[in-house]
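work-v3.txt, holding compact mmCIF, N, CA and C atoms:
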# COMPACT_ATOMS: atom_id res chain seq x y z
N MET M 677 94.92 97.08 63.11
CA MET M 677 95.10 97.83 64.34
C MET M 677 96.59 97.97 64.62
N ALA M 678 97.00 99.19 64.93
CA ALA M 678 98.40 99.46 65.27
C ALA M 678 98.72 98.87 66.64
N PRO M 679 99.97 98.42 66.83
CA PRO M 679 100.35 97.89 68.14
C PRO M 679 100.16 98.94 69.24
N LEU M 680 99.73 98.48 70.40
CA LEU M 680 99.38 99.36 71.51
C LEU M 680 100.40 99.29 72.62
N ASN M 681 100.52 100.39 73.35
CA ASN M 681 101.29 100.42 74.59
C ASN M 681 100.30 100.12 75.71
N VAL M 682 100.53 99.03 76.41
CA VAL M 682 99.58 98.52 77.40
C VAL M 682 100.20 98.59 78.79
N GLY M 683 99.39 98.98 79.76
CA GLY M 683 99.83 98.99 81.15
C GLY M 683 98.92 98.14 82.02
N ILE M 684 99.49 97.57 83.06
CA ILE M 684 98.72 96.82 84.04
C ILE M 684 99.06 97.38 85.41
N VAL M 685 98.05 97.92 86.09
CA VAL M 685 98.22 98.44 87.44
C VAL M 685 97.78 97.34 88.40
N GLY M 686 98.66 96.99 89.33
CA GLY M 686 98.38 95.87 90.22
C GLY M 686 98.92 94.57 89.63
N ALA M 687 100.01 94.67 88.91
CA ALA M 687 100.55 93.54 88.14
C ALA M 687 101.04 92.38 88.99
N THR M 688 101.34 92.61 90.25
CA THR M 688 101.88 91.52 91.09
C THR M 688 100.79 90.75 91.82
N GLY M 689 99.55 91.23 91.77
CA GLY M 689 98.45 90.52 92.41
C GLY M 689 97.92 89.39 91.54
N ALA M 690 97.00 88.62 92.06
CA ALA M 690 96.46 87.47 91.34
C ALA M 690 95.80 87.87 90.02
N VAL M 691 95.00 88.93 90.03
CA VAL M 691 94.32 89.36 88.80
C VAL M 691 95.33 89.93 87.81
N GLY M 692 96.28 90.71 88.29
CA GLY M 692 97.32 91.25 87.42
C GLY M 692 98.12 90.16 86.75
N LYS M 693 98.50 89.14 87.49
CA LYS M 693 99.25 88.01 86.92
C LYS M 693 98.42 87.29 85.87
N GLU M 694 97.14 87.16 86.12
CA GLU M 694 96.25 86.50 85.16
C GLU M 694 96.15 87.33 83.87
N ILE M 695 96.08 88.65 83.99
CA ILE M 695 96.03 89.50 82.80
C ILE M 695 97.33 89.37 82.00
N ILE M 696 98.47 89.36 82.68
CA ILE M 696 99.74 89.14 81.98
C ILE M 696 99.70 87.83 81.22
N GLY M 697 99.25 86.78 81.87
CA GLY M 697 99.16 85.47 81.22
C GLY M 697 98.25 85.47 80.00
N CYS M 698 97.12 86.14 80.11
CA CYS M 698 96.20 86.24 78.96
C CYS M 698 96.83 87.00 77.81
N LEU M 699 97.52 88.09 78.11
CA LEU M 699 98.17 88.87 77.06
C LEU M 699 99.30 88.09 76.40
N GLU M 700 99.98 87.24 77.16
CA GLU M 700 101.04 86.42 76.59
C GLU M 700 100.49 85.39 75.61
N LYS M 701 99.29 84.89 75.88
CA LYS M 701 98.69 83.86 75.02
C LYS M 701 97.96 84.44 73.82
N CYS M 702 97.58 85.69 73.91
CA CYS M 702 96.75 86.31 72.88
C CYS M 702 97.61 86.75 71.70
N CYS M 703 97.25 86.32 70.51
CA CYS M 703 98.01 86.75 69.34
C CYS M 703 97.21 87.74 68.49
N SER M 704 95.96 88.00 68.83
CA SER M 704 95.15 88.91 68.03
C SER M 704 95.10 90.33 68.61
N PHE M 705 95.77 90.56 69.71
CA PHE M 705 95.80 91.86 70.36
C PHE M 705 97.22 92.39 70.23
N PRO M 706 97.47 93.29 69.27
CA PRO M 706 98.85 93.73 69.00
C PRO M 706 99.40 94.64 70.09
N ILE M 707 100.49 94.22 70.71
CA ILE M 707 101.10 94.98 71.80
C ILE M 707 102.51 95.38 71.41
N ASP M 708 102.78 96.68 71.45
CA ASP M 708 104.12 97.20 71.19
C ASP M 708 104.97 97.11 72.44
N SER M 709 104.40 97.52 73.58
CA SER M 709 105.13 97.45 74.85
C SER M 709 104.15 97.17 75.98
N LEU M 710 104.66 96.52 77.01
CA LEU M 710 103.87 96.21 78.20
C LEU M 710 104.57 96.85 79.39
N ARG M 711 103.82 97.69 80.11
CA ARG M 711 104.33 98.33 81.31
C ARG M 711 103.56 97.79 82.51
N LEU M 712 104.29 97.51 83.57
CA LEU M 712 103.68 96.97 84.79
C LEU M 712 103.87 97.99 85.90
N PHE M 713 102.76 98.27 86.60
CA PHE M 713 102.77 99.26 87.67
C PHE M 713 102.40 98.61 88.99
N GLY M 714 103.00 99.10 90.06
CA GLY M 714 102.70 98.56 91.38
C GLY M 714 102.94 99.60 92.46
N SER M 715 102.89 99.12 93.68
CA SER M 715 103.08 99.96 94.86
C SER M 715 104.57 100.18 95.13
N LYS M 716 104.87 101.00 96.13
CA LYS M 716 106.27 101.21 96.53
C LYS M 716 106.93 99.88 96.87
N ARG M 717 106.16 98.99 97.47
CA ARG M 717 106.69 97.69 97.87
C ARG M 717 107.11 96.85 96.66
N SER M 718 106.36 96.96 95.57
CA SER M 718 106.63 96.15 94.38
C SER M 718 107.54 96.83 93.37
N ALA M 719 107.59 98.14 93.37
CA ALA M 719 108.37 98.88 92.37
C ALA M 719 109.83 98.45 92.41
N GLY M 720 110.40 98.27 91.24
CA GLY M 720 111.79 97.85 91.12
C GLY M 720 111.96 96.35 90.95
N ARG M 721 110.97 95.58 91.36
CA ARG M 721 111.04 94.13 91.15
C ARG M 721 110.92 93.83 89.66
N LYS M 722 111.43 92.71 89.25
CA LYS M 722 111.34 92.31 87.85
C LYS M 722 110.42 91.11 87.72
N ILE M 723 109.65 91.13 86.64
CA ILE M 723 108.79 89.99 86.31
C ILE M 723 109.23 89.48 84.95
N ASP M 724 109.52 88.19 84.87
CA ASP M 724 109.94 87.59 83.62
C ASP M 724 108.70 87.07 82.89
N THR M 725 108.51 87.52 81.67
CA THR M 725 107.38 87.07 80.86
C THR M 725 107.93 86.37 79.62
N SER M 726 107.20 85.41 79.13
CA SER M 726 107.67 84.67 77.97
C SER M 726 107.59 85.48 76.68
N LYS M 727 106.61 86.34 76.57
CA LYS M 727 106.38 87.09 75.33
C LYS M 727 107.00 88.49 75.34
N PHE M 728 107.05 89.12 76.52
CA PHE M 728 107.48 90.52 76.61
C PHE M 728 108.84 90.70 77.27
N GLY M 729 109.47 89.61 77.66
CA GLY M 729 110.79 89.68 78.29
C GLY M 729 110.71 90.00 79.77
N ASN M 730 111.83 90.46 80.29
CA ASN M 730 111.96 90.79 81.71
C ASN M 730 111.52 92.24 81.90
N ILE M 731 110.47 92.46 82.69
CA ILE M 731 109.90 93.80 82.86
C ILE M 731 110.06 94.26 84.30
N THR M 732 110.56 95.45 84.48
CA THR M 732 110.70 96.03 85.81
C THR M 732 109.40 96.73 86.19
N ILE M 733 108.90 96.44 87.36
CA ILE M 733 107.67 97.07 87.84
C ILE M 733 107.95 98.52 88.20
N GLU M 734 107.12 99.40 87.67
CA GLU M 734 107.25 100.84 87.91
C GLU M 734 106.32 101.24 89.06
N LEU M 735 106.71 102.24 89.80
CA LEU M 735 105.84 102.81 90.82
C LEU M 735 104.67 103.47 90.10
N PHE M 736 103.47 103.16 90.50
CA PHE M 736 102.28 103.72 89.85
C PHE M 736 102.20 105.22 90.01
N SER M 737 101.86 105.89 88.93
CA SER M 737 101.43 107.29 88.98
C SER M 737 100.41 107.45 87.85
N GLU M 738 99.47 108.35 88.05
CA GLU M 738 98.48 108.59 87.01
C GLU M 738 99.14 109.08 85.73
N ASP M 739 100.14 109.93 85.85
CA ASP M 739 100.82 110.45 84.66
C ASP M 739 101.48 109.33 83.87
N SER M 740 102.14 108.41 84.55
CA SER M 740 102.78 107.29 83.86
C SER M 740 101.74 106.39 83.19
N ALA M 741 100.65 106.13 83.87
CA ALA M 741 99.59 105.29 83.29
C ALA M 741 98.98 105.96 82.07
N ARG M 742 98.85 107.27 82.09
CA ARG M 742 98.27 108.00 80.96
C ARG M 742 99.15 107.93 79.71
N GLU M 743 100.41 107.56 79.86
CA GLU M 743 101.30 107.40 78.71
C GLU M 743 100.98 106.15 77.90
N CYS M 744 100.19 105.26 78.47
CA CYS M 744 99.79 104.02 77.79
C CYS M 744 98.56 104.28 76.92
N ASP M 745 98.34 103.40 75.96
CA ASP M 745 97.12 103.46 75.15
C ASP M 745 95.96 102.79 75.88
N VAL M 746 96.26 101.67 76.54
CA VAL M 746 95.26 100.89 77.27
C VAL M 746 95.85 100.54 78.63
N VAL M 747 95.04 100.70 79.68
CA VAL M 747 95.48 100.36 81.04
C VAL M 747 94.46 99.43 81.66
N PHE M 748 94.93 98.28 82.13
CA PHE M 748 94.10 97.36 82.90
C PHE M 748 94.30 97.67 84.37
N LEU M 749 93.22 97.89 85.10
CA LEU M 749 93.29 98.10 86.54
C LEU M 749 92.95 96.79 87.24
N ALA M 750 93.95 96.20 87.88
CA ALA M 750 93.78 94.95 88.62
C ALA M 750 93.96 95.28 90.10
N VAL M 751 93.11 96.17 90.58
CA VAL M 751 93.23 96.73 91.93
C VAL M 751 91.85 96.73 92.60
N ASP M 752 91.79 97.18 93.84
CA ASP M 752 90.50 97.20 94.52
C ASP M 752 89.66 98.40 94.09
N GLY M 753 88.40 98.38 94.46
CA GLY M 753 87.45 99.40 94.06
C GLY M 753 87.81 100.80 94.52
N ASP M 754 88.34 100.92 95.72
CA ASP M 754 88.72 102.25 96.22
C ASP M 754 89.82 102.86 95.36
N PHE M 755 90.81 102.06 95.01
CA PHE M 755 91.90 102.54 94.16
C PHE M 755 91.36 102.94 92.79
N SER M 756 90.50 102.11 92.23
CA SER M 756 89.91 102.41 90.91
C SER M 756 89.11 103.70 90.95
N ARG M 757 88.29 103.86 91.99
CA ARG M 757 87.49 105.09 92.10
C ARG M 757 88.39 106.33 92.20
N ALA M 758 89.53 106.18 92.85
CA ALA M 758 90.43 107.32 93.04
C ALA M 758 91.21 107.67 91.77
N HIS M 759 91.45 106.70 90.87
CA HIS M 759 92.38 106.95 89.77
C HIS M 759 91.85 106.71 88.36
N ALA M 760 90.89 105.83 88.18
CA ALA M 760 90.48 105.43 86.82
C ALA M 760 90.05 106.60 85.94
N GLU M 761 89.20 107.46 86.47
CA GLU M 761 88.69 108.55 85.65
C GLU M 761 89.78 109.57 85.30
N ASN M 762 90.75 109.73 86.17
CA ASN M 762 91.86 110.64 85.87
C ASN M 762 92.78 110.06 84.80
N ILE M 763 92.96 108.74 84.79
CA ILE M 763 93.81 108.10 83.80
C ILE M 763 93.21 108.23 82.40
N CYS M 764 91.90 108.16 82.30
CA CYS M 764 91.27 108.18 80.97
C CYS M 764 90.75 109.56 80.57
N LYS M 765 90.89 110.55 81.42
CA LYS M 765 90.35 111.88 81.16
C LYS M 765 90.98 112.53 79.93
N GLY M 766 90.15 113.16 79.11
CA GLY M 766 90.63 113.94 77.97
C GLY M 766 90.98 113.09 76.76
N ASP M 767 91.28 113.77 75.68
CA ASP M 767 91.63 113.09 74.44
C ASP M 767 92.94 112.33 74.53
N ASP M 768 93.83 112.76 75.42
CA ASP M 768 95.14 112.12 75.54
C ASP M 768 95.18 111.05 76.63
N GLY M 769 94.05 110.77 77.27
CA GLY M 769 94.01 109.75 78.31
C GLY M 769 93.96 108.35 77.72
N ALA M 770 94.33 107.38 78.52
CA ALA M 770 94.31 105.98 78.11
C ALA M 770 92.90 105.41 78.18
N ILE M 771 92.68 104.35 77.46
CA ILE M 771 91.46 103.55 77.66
C ILE M 771 91.72 102.73 78.91
N VAL M 772 90.77 102.74 79.84
CA VAL M 772 90.93 102.02 81.11
C VAL M 772 89.92 100.88 81.17
N ILE M 773 90.43 99.69 81.45
CA ILE M 773 89.58 98.52 81.67
C ILE M 773 89.72 98.16 83.14
N ASP M 774 88.65 98.39 83.88
CA ASP M 774 88.67 98.22 85.33
C ASP M 774 88.11 96.86 85.72
N ASN M 775 88.90 96.10 86.48
CA ASN M 775 88.49 94.77 86.91
C ASN M 775 87.92 94.75 88.32
N SER M 776 87.77 95.90 88.95
CA SER M 776 87.16 95.94 90.28
C SER M 776 85.65 96.07 90.12
N SER M 777 84.96 96.21 91.21
CA SER M 777 83.51 96.40 91.17
C SER M 777 83.12 97.88 91.16
N ALA M 778 84.08 98.78 91.12
CA ALA M 778 83.84 100.21 91.31
C ALA M 778 82.86 100.82 90.31
N PHE M 779 82.91 100.39 89.06
CA PHE M 779 82.11 101.05 88.02
C PHE M 779 81.09 100.13 87.37
N ARG M 780 80.86 98.99 87.94
CA ARG M 780 80.00 97.99 87.30
C ARG M 780 78.57 98.45 87.09
N TYR M 781 78.08 99.32 87.93
CA TYR M 781 76.69 99.75 87.79
C TYR M 781 76.58 101.26 87.63
N LYS M 782 77.66 101.91 87.23
CA LYS M 782 77.64 103.36 87.06
C LYS M 782 77.13 103.69 85.65
N GLU M 783 76.14 104.54 85.62
CA GLU M 783 75.54 104.92 84.34
C GLU M 783 76.58 105.55 83.42
N GLY M 784 76.54 105.16 82.16
CA GLY M 784 77.45 105.69 81.16
C GLY M 784 78.75 104.92 81.01
N ILE M 785 78.99 103.97 81.91
CA ILE M 785 80.19 103.14 81.84
C ILE M 785 79.74 101.72 81.52
N PRO M 786 80.14 101.20 80.35
CA PRO M 786 79.67 99.87 79.97
C PRO M 786 80.28 98.77 80.83
N LEU M 787 79.44 97.83 81.23
CA LEU M 787 79.88 96.60 81.89
C LEU M 787 79.99 95.57 80.77
N VAL M 788 81.20 95.16 80.46
CA VAL M 788 81.43 94.40 79.23
C VAL M 788 81.88 92.97 79.50
N VAL M 789 81.21 92.06 78.83
CA VAL M 789 81.64 90.68 78.70
C VAL M 789 81.98 90.54 77.22
N PRO M 790 83.27 90.44 76.88
CA PRO M 790 83.68 90.53 75.49
C PRO M 790 82.93 89.62 74.52
N GLU M 791 82.60 88.42 74.94
CA GLU M 791 81.91 87.49 74.07
C GLU M 791 80.45 87.88 73.83
N ILE M 792 79.94 88.82 74.62
CA ILE M 792 78.51 89.15 74.56
C ILE M 792 78.24 90.56 74.05
N ASN M 793 78.90 91.57 74.58
CA ASN M 793 78.53 92.94 74.26
C ASN M 793 79.72 93.88 74.02
N THR M 794 80.69 93.41 73.28
CA THR M 794 81.87 94.22 72.98
C THR M 794 81.51 95.54 72.32
N GLU M 795 80.45 95.55 71.54
CA GLU M 795 80.06 96.76 70.80
C GLU M 795 79.76 97.94 71.73
N THR M 796 79.47 97.69 72.99
CA THR M 796 79.16 98.78 73.92
C THR M 796 80.40 99.59 74.30
N THR M 797 81.59 99.12 73.93
CA THR M 797 82.82 99.83 74.26
C THR M 797 83.14 100.94 73.27
N LYS M 798 82.52 100.97 72.13
CA LYS M 798 82.85 101.96 71.09
C LYS M 798 82.69 103.39 71.64
N GLY M 799 83.76 104.15 71.53
CA GLY M 799 83.74 105.54 71.98
C GLY M 799 83.88 105.72 73.48
N LYS M 800 84.07 104.65 74.23
CA LYS M 800 84.19 104.74 75.69
C LYS M 800 85.65 104.68 76.10
N LYS M 801 86.00 105.44 77.12
CA LYS M 801 87.37 105.45 77.63
C LYS M 801 87.51 104.67 78.94
N LEU M 802 86.37 104.43 79.62
CA LEU M 802 86.38 103.66 80.86
C LEU M 802 85.40 102.52 80.70
N ILE M 803 85.90 101.31 80.90
CA ILE M 803 85.13 100.09 80.69
C ILE M 803 85.19 99.26 81.96
N ALA M 804 84.04 98.80 82.41
CA ALA M 804 83.99 97.92 83.58
C ALA M 804 83.97 96.48 83.10
N ASN M 805 84.66 95.63 83.83
CA ASN M 805 84.75 94.21 83.51
C ASN M 805 84.20 93.45 84.72
N PRO M 806 83.33 92.46 84.48
CA PRO M 806 82.77 91.73 85.63
C PRO M 806 83.74 90.84 86.36
N ASN M 807 85.00 90.78 85.88
CA ASN M 807 86.07 90.03 86.55
C ASN M 807 85.80 88.55 86.46

Starting from the file, lay out its structure as structure tokens.
Amino acid sequence: MAPLNVGIVGATGAVGKEIIGCLEKCCSFPIDSLRLFGSKRSAGRKIDTSKFGNITIELFSEDSARECDVVFLAVDGDFSRAHAENICKGDDGAIVIDNSSAFRYKEGIPLVVPEINTETTKGKKLIANPN
């Protein structure tokens, strides 16, 4: 697998920080670059990571998120409902892994527990995670 450009929306929250920590520990998920997105309040702040260096938080925009290969949404359900499908839309959209409850029971969107049903993600651009 080629190294991926990965984004985390909501990187300064508890779930976002946990995703950063998991990515830092994971050696089987090849990452070329890590981009962190946040609100106006968080944009411009720097987060020091052990594996990816010092990263400046970018102001979230759908266009910027679409530049990534994979985007983790560590935000609330309303935010996910407003942006997730636009981020992954089309052949050039990112794969979106949503950690809110927004898509957990929506038909056609797999609810994935990696240790149990990873195969359901094949060909999907929007994936729900039970958090």

query: Within 6.5 Å of Leu735 in chain M, counting all atoms listed in the file, which residues qualify if same-chain residues fewer than 3 places away don't, as a list of chain:residue names?
result: M:Leu712, M:Phe713, M:Gly714, M:Ser715, M:Lys716, M:Ala719, M:Gly720

I need the residues from that last selection saved to file as a tab-separated table (two decimals), in the frame of the given file (with N, CA and C atoms), if you can.
chain	number	residue	atom	x	y	z
M	712	LEU	N	104.29	97.51	83.57
M	712	LEU	CA	103.68	96.97	84.79
M	712	LEU	C	103.87	97.99	85.90
M	713	PHE	N	102.76	98.27	86.60
M	713	PHE	CA	102.77	99.26	87.67
M	713	PHE	C	102.40	98.61	88.99
M	714	GLY	N	103.00	99.10	90.06
M	714	GLY	CA	102.70	98.56	91.38
M	714	GLY	C	102.94	99.60	92.46
M	715	SER	N	102.89	99.12	93.68
M	715	SER	CA	103.08	99.96	94.86
M	715	SER	C	104.57	100.18	95.13
M	716	LYS	N	104.87	101.00	96.13
M	716	LYS	CA	106.27	101.21	96.53
M	716	LYS	C	106.93	99.88	96.87
M	719	ALA	N	107.59	98.14	93.37
M	719	ALA	CA	108.37	98.88	92.37
M	719	ALA	C	109.83	98.45	92.41
M	720	GLY	N	110.40	98.27	91.24
M	720	GLY	CA	111.79	97.85	91.12
M	720	GLY	C	111.96	96.35	90.95

Who sits within 7 Å of range 777-788 of chain M, all atoms listed in the file, same chain under 6 positions skipped, as a ChimeraX atom specification: /M:752-754,756-757,794,796-797,802-806

So for range 693-710 of chain M, what box centre and size do we get, axis-aligned, 4 Å extra on each of the six sides, every listed atom, Å to one decimal, as AutoDock Vina command-line options?
--center_x 100.1 --center_y 90.7 --center_z 77.8 --size_x 18.0 --size_y 21.7 --size_z 27.5

Taking only residues of range 719-806 of chain M that have an atom at most 9 Å from an atom of range 699-702 of chain M, what is each one's shortest atom pair and its distance in Å to one decimal, using only C-alpha atoms, in chain and number order, as a tab-separated table?
residue	atom	partner	partner_atom	distance
M:Thr725	CA	M:Glu700	CA	7.7
M:Ser726	CA	M:Glu700	CA	7.0
M:Lys727	CA	M:Glu700	CA	5.5
M:Phe728	CA	M:Glu700	CA	7.6

field: Straight-line distance linking CA of Leu710 in chain M with CA of Val682 in chain M, stated in Å to one decimal
entry: 4.9 Å

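Restricting the calculation to only N, CA and C atoms, the smallest distance between Pro706 in chain M and any of M:Ile792, M:Ala678, M:Leu749, M:Ala770 is found for M:Ala678.
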
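A straight line drawn from atom N of Val746 in chain M to atom N of Ile696 in chain M is 13.9 Å long.
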
Enumerate the residues of chain M with a DSSP assignment of helix (DSSP H, G or I), computed from the backbone, and present them as a compact mmCIF listing (two decimals) with N, CA and C atoms, in the coordinates of the input.
# COMPACT_ATOMS: atom_id res chain seq x y z
N ALA M 690 97.00 88.62 92.06
CA ALA M 690 96.46 87.47 91.34
C ALA M 690 95.80 87.87 90.02
N VAL M 691 95.00 88.93 90.03
CA VAL M 691 94.32 89.36 88.80
C VAL M 691 95.33 89.93 87.81
N GLY M 692 96.28 90.71 88.29
CA GLY M 692 97.32 91.25 87.42
C GLY M 692 98.12 90.16 86.75
N LYS M 693 98.50 89.14 87.49
CA LYS M 693 99.25 88.01 86.92
C LYS M 693 98.42 87.29 85.87
N GLU M 694 97.14 87.16 86.12
CA GLU M 694 96.25 86.50 85.16
C GLU M 694 96.15 87.33 83.87
N ILE M 695 96.08 88.65 83.99
CA ILE M 695 96.03 89.50 82.80
C ILE M 695 97.33 89.37 82.00
N ILE M 696 98.47 89.36 82.68
CA ILE M 696 99.74 89.14 81.98
C ILE M 696 99.70 87.83 81.22
N GLY M 697 99.25 86.78 81.87
CA GLY M 697 99.16 85.47 81.22
C GLY M 697 98.25 85.47 80.00
N CYS M 698 97.12 86.14 80.11
CA CYS M 698 96.20 86.24 78.96
C CYS M 698 96.83 87.00 77.81
N LEU M 699 97.52 88.09 78.11
CA LEU M 699 98.17 88.87 77.06
C LEU M 699 99.30 88.09 76.40
N GLU M 700 99.98 87.24 77.16
CA GLU M 700 101.04 86.42 76.59
C GLU M 700 100.49 85.39 75.61
N LYS M 701 99.29 84.89 75.88
CA LYS M 701 98.69 83.86 75.02
C LYS M 701 97.96 84.44 73.82
N GLU M 738 99.47 108.35 88.05
CA GLU M 738 98.48 108.59 87.01
C GLU M 738 99.14 109.08 85.73
N ASP M 739 100.14 109.93 85.85
CA ASP M 739 100.82 110.45 84.66
C ASP M 739 101.48 109.33 83.87
N SER M 740 102.14 108.41 84.55
CA SER M 740 102.78 107.29 83.86
C SER M 740 101.74 106.39 83.19
N ALA M 741 100.65 106.13 83.87
CA ALA M 741 99.59 105.29 83.29
C ALA M 741 98.98 105.96 82.07
N ARG M 742 98.85 107.27 82.09
CA ARG M 742 98.27 108.00 80.96
C ARG M 742 99.15 107.93 79.71
N GLY M 753 88.40 98.38 94.46
CA GLY M 753 87.45 99.40 94.06
C GLY M 753 87.81 100.80 94.52
N ASP M 754 88.34 100.92 95.72
CA ASP M 754 88.72 102.25 96.22
C ASP M 754 89.82 102.86 95.36
N PHE M 755 90.81 102.06 95.01
CA PHE M 755 91.90 102.54 94.16
C PHE M 755 91.36 102.94 92.79
N SER M 756 90.50 102.11 92.23
CA SER M 756 89.91 102.41 90.91
C SER M 756 89.11 103.70 90.95
N ARG M 757 88.29 103.86 91.99
CA ARG M 757 87.49 105.09 92.10
C ARG M 757 88.39 106.33 92.20
N ALA M 758 89.53 106.18 92.85
CA ALA M 758 90.43 107.32 93.04
C ALA M 758 91.21 107.67 91.77
N HIS M 759 91.45 106.70 90.87
CA HIS M 759 92.38 106.95 89.77
C HIS M 759 91.85 106.71 88.36
N ALA M 760 90.89 105.83 88.18
CA ALA M 760 90.48 105.43 86.82
C ALA M 760 90.05 106.60 85.94
N GLU M 761 89.20 107.46 86.47
CA GLU M 761 88.69 108.55 85.65
C GLU M 761 89.78 109.57 85.30
N ASN M 762 90.75 109.73 86.17
CA ASN M 762 91.86 110.64 85.87
C ASN M 762 92.78 110.06 84.80
N ILE M 763 92.96 108.74 84.79
CA ILE M 763 93.81 108.10 83.80
C ILE M 763 93.21 108.23 82.40
N CYS M 764 91.90 108.16 82.30
CA CYS M 764 91.27 108.18 80.97
C CYS M 764 90.75 109.56 80.57
N PRO M 790 83.27 90.44 76.88
CA PRO M 790 83.68 90.53 75.49
C PRO M 790 82.93 89.62 74.52
N GLU M 791 82.60 88.42 74.94
CA GLU M 791 81.91 87.49 74.07
C GLU M 791 80.45 87.88 73.83
N ILE M 792 79.94 88.82 74.62
CA ILE M 792 78.51 89.15 74.56
C ILE M 792 78.24 90.56 74.05
N ASN M 793 78.90 91.57 74.58
CA ASN M 793 78.53 92.94 74.26
C ASN M 793 79.72 93.88 74.02
N THR M 794 80.69 93.41 73.28
CA THR M 794 81.87 94.22 72.98
C THR M 794 81.51 95.54 72.32
N GLU M 795 80.45 95.55 71.54
CA GLU M 795 80.06 96.76 70.80
C GLU M 795 79.76 97.94 71.73
N THR M 796 79.47 97.69 72.99
CA THR M 796 79.16 98.78 73.92
C THR M 796 80.40 99.59 74.30
N THR M 797 81.59 99.12 73.93
CA THR M 797 82.82 99.83 74.26
C THR M 797 83.14 100.94 73.27

- request: Determine the nearest neighbour of Asn681 in chain M from the options M:Ile707, M:Val789, M:Ile723, M:Val772, counting all atoms listed in the file.
  value: M:Ile707

- request: Please identify which residues in range 684-755 of chain M DSSP calls strand (DSSP E or B) from the backbone, and express them as number ranges by chain.
  value: M: 684-685, 707-714, 722-725, 729-732, 734-735, 746-749

query: For Asp745 in chain M, which of M:Gly686, M:Ile771, M:Lys722, M:Asn762 is the closest residue, counting only N, CA and C atoms?
result: M:Ile771

message: Given only C-alpha atoms as the basis, pick out the residue of M:Ala760, M:Cys698, M:Leu680, M:Val685 nearest to Ser718 in chain M.
response: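 Among the listed residues, the smallest separation from Ser718 in chain M belongs to M:Val685.
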
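Atom N of Arg711 in chain M is positioned 19.6 Å from CA of Lys765 in chain M.
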
task: List the neighbours of Glu738 in chain M out to 7 Å using only N, CA and C atoms; skip same-chain residues closer than 5 positions along the sequence, and give me the result as a ChimeraX atom specification.
output: /M:743,759,762-763

task: May I ask which of the residues M:Glu795, M:Ala750, M:Lys801, M:Cys764 is the closest one to Ser776 in chain M, counting only N, CA and C atoms?
output: M:Ala750
